[in-house]
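Input: a single structure, listed below in structure tokens.
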Amino acid sequence: MKRFFLLSISILCVMFAFSQTTATNFSVNDCNDVNHDLFSELDDNKVIVIAWVMPCLSCIEPTASAYLTVQTYSGSNPGQVLFYMVDDYANTTCSTLNSWATVNKMDNVDAFFSNSEISMSDYGTDGMPKIIVVGGSSHKVYYNENYTANDIDLAIDEAILDCSVAIEENINNGNFELKIFPNPVNEIATINYQIVEKSEITIKIVNILGETVDVITNLNQNVGTHELQFSTNKLSDGYYFLKIQSEENTQVIKFSVKR
């Protein structure tokens with residue numbers, strides 16, 4: 001009976017580790033003696049990709065893939081998406097870690113760490129590499145995989161979008177009870193919203209770069225509940241947010257297109 005109880009506890013612990021949806025904070029110095037407080041950086045709407053490496057031969061391909069993906073955001077989101085490389089068990093020197101990255105053409109890593117306080121065990125089963133994506137003031141984990149960096153760009157896009165929505169929501173001063181369904185959207189989306197006084201209403205679709213990619217409506221509308229549909233044939237698969245605005249009020253919600 002005791003053995004079964006201990007086994008049950010162990011299973012629950014493993015399930016909890018795998019189900020972690022928020023980051024674990026750390027406040028440590030990197031290899032250049034610069035302090036990093038993870039939550040403070042995320043609260044500043046940063047998106048951070050962390051790769052734990054041995055370093056080892058099998059670590060190269062997925063780590064380099066994640067690194068190169070992060071570099072693609074340097075033009076569109078300068079300074080927002082960061083790449084941190086961490087030694088797996090803090091038993092590799094900083095100079096060795098840095099040299100391994102440079103040899104494997106990862107010469108613009110934002111920070112190196114060899115510190116046991118940054119533990120990959122906080123995110124489930126250890127793996128080399130283990131790669132996570134965390135972002136925004138919610139400290140959310142958007143990606144958590146061992147040995148691969150497949151679709152990491154989708155996780156980064158979602159994190160950037162959530163940061164953008166958070167910034168927009170800071171200026172929200174009204175509630176249209178805006179809804180969009182289905183979400184994710186395949187071909188046709190339905191928008192439902194309420195207006196409490198007659199006004200000119202603009203509804204836009206904005207991408208993760210903050211660019212308006214479609215204007216759904218821009219009309220004077222009466223008080224009441226309104227519903228309309230729009231096609232996603234102009235949109236690529238990915239994350240967007242829907243912005244409804246009157247002269248006095250603004251509301252933003254996130255949605256995705258997936259075919």
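FYI, nothing fancy with the structure tokens labels: chains A, B, ... in order, residues from 1 per chain, ligands from 1 as they appear.
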
Exercise for review: Give the strand (DSSP E or B) residues of region 7-254 of chain A, as assigned by DSSP on the backbone, as number ranges by chain.
Suggested key: A: 22, 27-29, 35-37, 47-53, 81-87, 111-113, 130-135, 140-146, 179-181, 185, 188-195, 199-206, 212-221, 224-231, 238-245, 250-254

Review point. Near Ala189 (chain A), within 6 Å and counting only C-alpha atoms, which residues show up once chain neighbours fewer than 5 positions away are dropped, as a PyMOL selection string?
Key: chain A and resi 181+229-230

Residues as selected, N, CA and C atoms, written as a tab-separated table (two decimals), in the first residue's frame, can you do that?
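Contents of selection.tsv, as written:
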chain	number	residue	atom	x	y	z
A	181	PHE	N	-15.96	33.88	-33.42
A	181	PHE	CA	-16.06	32.43	-33.43
A	181	PHE	C	-16.24	31.95	-34.87
A	229	GLN	N	-19.89	38.84	-40.56
A	229	GLN	CA	-18.93	37.80	-40.93
A	229	GLN	C	-17.85	38.38	-41.83
A	230	PHE	N	-16.69	37.75	-41.79
A	230	PHE	CA	-15.63	38.13	-42.72
A	230	PHE	C	-14.85	36.89	-43.13

Check your understanding: Please, what distance in Å, to one decimal, runs between CA of Val103 (chain A) and CA of Ser121 (chain A)?
Key -> 27.2 Å

Exercise for review: Rank nothing, just name the residue among A:Lys46, A:Lys105, A:Lys258, A:His139 nearest to Gln80 (chain A), using only C-alpha atoms.
Suggested key: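 Once distances to Gln80 (chain A) are computed over only C-alpha atoms, the minimum belongs to A:Lys46.
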
Practice item. Find, counting only C-alpha atoms, the residue in A:Phe176, A:Tyr147, A:Phe26, A:Tyr67 that gets nearest to Phe113 (chain A). Key: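 Once distances to Phe113 (chain A) are computed over only C-alpha atoms, the minimum belongs to A:Phe26.
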
Exercise for review: Write out as a VMD selection string each polymer residue whose atoms come within 12 Å of region 71-75 of chain A, counting only C-alpha atoms; drop sequence neighbours fewer than 4 positions from it.
Suggested key: chain A and resid 47 to 49 64 to 67 79 to 83 106 to 110 152 to 153 156 to 157 160 208 to 209

Serialized selection, C-alpha atoms, as a PDB file, in the first residue's frame:
ATOM      1  CA  VAL A  47       9.671  37.128 -25.391  1.00  0.00           C
ATOM      2  CA  ILE A  48      12.545  34.887 -24.317  1.00  0.00           C
ATOM      3  CA  VAL A  49      13.678  31.638 -25.878  1.00  0.00           C
ATOM      4  CA  ALA A  64      20.764  26.399 -34.013  1.00  0.00           C
ATOM      5  CA  SER A  65      17.294  26.163 -35.543  1.00  0.00           C
ATOM      6  CA  ALA A  66      15.760  27.961 -32.549  1.00  0.00           C
ATOM      7  CA  TYR A  67      18.554  30.544 -32.608  1.00  0.00           C
ATOM      8  CA  GLY A  79      14.997  43.948 -28.886  1.00  0.00           C
ATOM      9  CA  GLN A  80      11.806  42.075 -28.025  1.00  0.00           C
ATOM     10  CA  VAL A  81      12.633  38.439 -28.830  1.00  0.00           C
ATOM     11  CA  LEU A  82      15.754  37.237 -27.006  1.00  0.00           C
ATOM     12  CA  PHE A  83      17.764  34.011 -27.106  1.00  0.00           C
ATOM     13  CA  MET A 106      25.380  31.067 -33.060  1.00  0.00           C
ATOM     14  CA  ASP A 107      27.445  34.195 -32.552  1.00  0.00           C
ATOM     15  CA  ASN A 108      24.732  36.626 -31.467  1.00  0.00           C
ATOM     16  CA  VAL A 109      23.285  34.903 -28.404  1.00  0.00           C
ATOM     17  CA  ASP A 110      21.748  37.511 -26.095  1.00  0.00           C
ATOM     18  CA  ILE A 152       8.885  27.432 -32.521  1.00  0.00           C
ATOM     19  CA  ASP A 153       8.049  30.418 -34.723  1.00  0.00           C
ATOM     20  CA  ILE A 156       6.982  33.170 -30.653  1.00  0.00           C
ATOM     21  CA  ASP A 157       4.256  34.728 -32.812  1.00  0.00           C
ATOM     22  CA  ILE A 160       4.341  38.560 -29.407  1.00  0.00           C
ATOM     23  CA  ILE A 208       1.730  40.691 -34.809  1.00  0.00           C
ATOM     24  CA  LEU A 209       3.776  43.573 -36.222  1.00  0.00           C
TER      25      LEU A 209
END

Skipping near chain neighbours, those fewer than 6 positions away, what residues fall within 10 Å of Asp162 (chain A) using only C-alpha atoms, listed as a PDB file with N, CA and C atoms, in the first residue's frame?
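What landed in selection_27.pdb:
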ATOM      1  N   ASN A  45       7.380  43.013 -21.456  1.00  0.00           N
ATOM      2  CA  ASN A  45       6.861  42.482 -22.726  1.00  0.00           C
ATOM      3  C   ASN A  45       7.945  41.870 -23.611  1.00  0.00           C
ATOM      4  N   GLY A 135       6.889  34.387 -22.331  1.00  0.00           N
ATOM      5  CA  GLY A 135       6.695  35.775 -22.744  1.00  0.00           C
ATOM      6  C   GLY A 135       5.626  36.503 -21.964  1.00  0.00           C
ATOM      7  N   GLY A 136       5.773  37.834 -21.940  1.00  0.00           N
ATOM      8  CA  GLY A 136       4.747  38.727 -21.443  1.00  0.00           C
ATOM      9  C   GLY A 136       4.561  38.737 -19.943  1.00  0.00           C
ATOM     10  N   SER A 137       3.724  39.657 -19.503  1.00  0.00           N
ATOM     11  CA  SER A 137       3.509  39.846 -18.065  1.00  0.00           C
ATOM     12  C   SER A 137       2.756  38.689 -17.427  1.00  0.00           C
ATOM     13  N   SER A 138       2.159  37.816 -18.242  1.00  0.00           N
ATOM     14  CA  SER A 138       1.521  36.617 -17.692  1.00  0.00           C
ATOM     15  C   SER A 138       2.541  35.530 -17.380  1.00  0.00           C
ATOM     16  N   LYS A 140       3.799  33.381 -19.306  1.00  0.00           N
ATOM     17  CA  LYS A 140       3.271  32.147 -19.880  1.00  0.00           C
ATOM     18  C   LYS A 140       4.356  31.358 -20.616  1.00  0.00           C
ATOM     19  N   ILE A 156       6.484  31.800 -30.790  1.00  0.00           N
ATOM     20  CA  ILE A 156       6.982  33.170 -30.653  1.00  0.00           C
ATOM     21  C   ILE A 156       5.932  34.162 -31.144  1.00  0.00           C
ATOM     22  N   GLU A 168      -2.301  47.009 -25.908  1.00  0.00           N
ATOM     23  CA  GLU A 168      -3.533  47.630 -26.376  1.00  0.00           C
ATOM     24  C   GLU A 168      -4.560  47.705 -25.255  1.00  0.00           C
ATOM     25  N   ILE A 208       0.855  40.628 -35.982  1.00  0.00           N
ATOM     26  CA  ILE A 208       1.730  40.691 -34.809  1.00  0.00           C
ATOM     27  C   ILE A 208       2.740  41.814 -34.894  1.00  0.00           C
ATOM     28  N   TYR A 239      -1.336  34.129 -36.005  1.00  0.00           N
ATOM     29  CA  TYR A 239      -2.037  34.842 -34.947  1.00  0.00           C
ATOM     30  C   TYR A 239      -2.269  36.300 -35.325  1.00  0.00           C
ATOM     31  N   TYR A 240      -3.434  36.802 -34.932  1.00  0.00           N
ATOM     32  CA  TYR A 240      -3.833  38.179 -35.209  1.00  0.00           C
ATOM     33  C   TYR A 240      -4.620  38.699 -34.012  1.00  0.00           C
ATOM     34  N   PHE A 241      -4.899  39.988 -34.020  1.00  0.00           N
ATOM     35  CA  PHE A 241      -5.914  40.423 -33.077  1.00  0.00           C
ATOM     36  C   PHE A 241      -6.914  41.342 -33.747  1.00  0.00           C
ATOM     37  N   ILE A 253      -9.253  41.682 -29.002  1.00  0.00           N
ATOM     38  CA  ILE A 253      -9.194  40.266 -28.640  1.00  0.00           C
ATOM     39  C   ILE A 253      -8.288  39.539 -29.625  1.00  0.00           C
ATOM     40  N   LYS A 254      -7.733  38.433 -29.175  1.00  0.00           N
ATOM     41  CA  LYS A 254      -6.812  37.643 -29.992  1.00  0.00           C
ATOM     42  C   LYS A 254      -7.565  36.541 -30.717  1.00  0.00           C
TER      43      LYS A 254
END

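Candidate residues A:Ser236, A:Gln251, A:Asn218, A:Asn35 were compared for distance to Tyr193 (chain A), and the nearest is A:Gln251, using only C-alpha atoms.
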
Point to revise | 7 Å contact set for Leu219 (chain A), only C-alpha atoms, chain neighbours under 5 positions out, as a VMD selection string | key: chain A and resid 200 to 202

**Study point:** Shortest interatomic distance to Ser119 (chain A) - which of A:Thr24, A:Asn77, A:Asn150, A:Asn183, counting only C-alpha atoms
**Key:**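 Residue with the minimum atom-to-atom distance to Ser119 (chain A): A:Thr24.
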
Practice item. Considering only C-alpha atoms, return as a PyMOL selection string whatever protein or nucleic-acid residues lie within 9 Å of Ser114 (chain A), sequence-local ones (same chain, fewer than 6 positions apart) excluded. Key: chain A and resi 30-31+85-94+97

Practice item. Might you pull out every residue within 12 Å of Thr217 (chain A), with only C-alpha atoms counted and same-chain residues fewer than 6 positions away left off, and present them as a PyMOL selection string? Key: chain A and resi 191+200-205+226-230+242-246

Review point. Looking at A:Asp43, A:Glu158, A:Glu197, A:Asp126, which one is nearest to Gln221 (chain A), with distances taken over only C-alpha atoms?
Key: A:Glu197

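Candidate residues A:His36, A:Lys198, A:Lys179, A:Lys130 were compared for distance to Ala51 (chain A), and the nearest is A:Lys130, using only C-alpha atoms.
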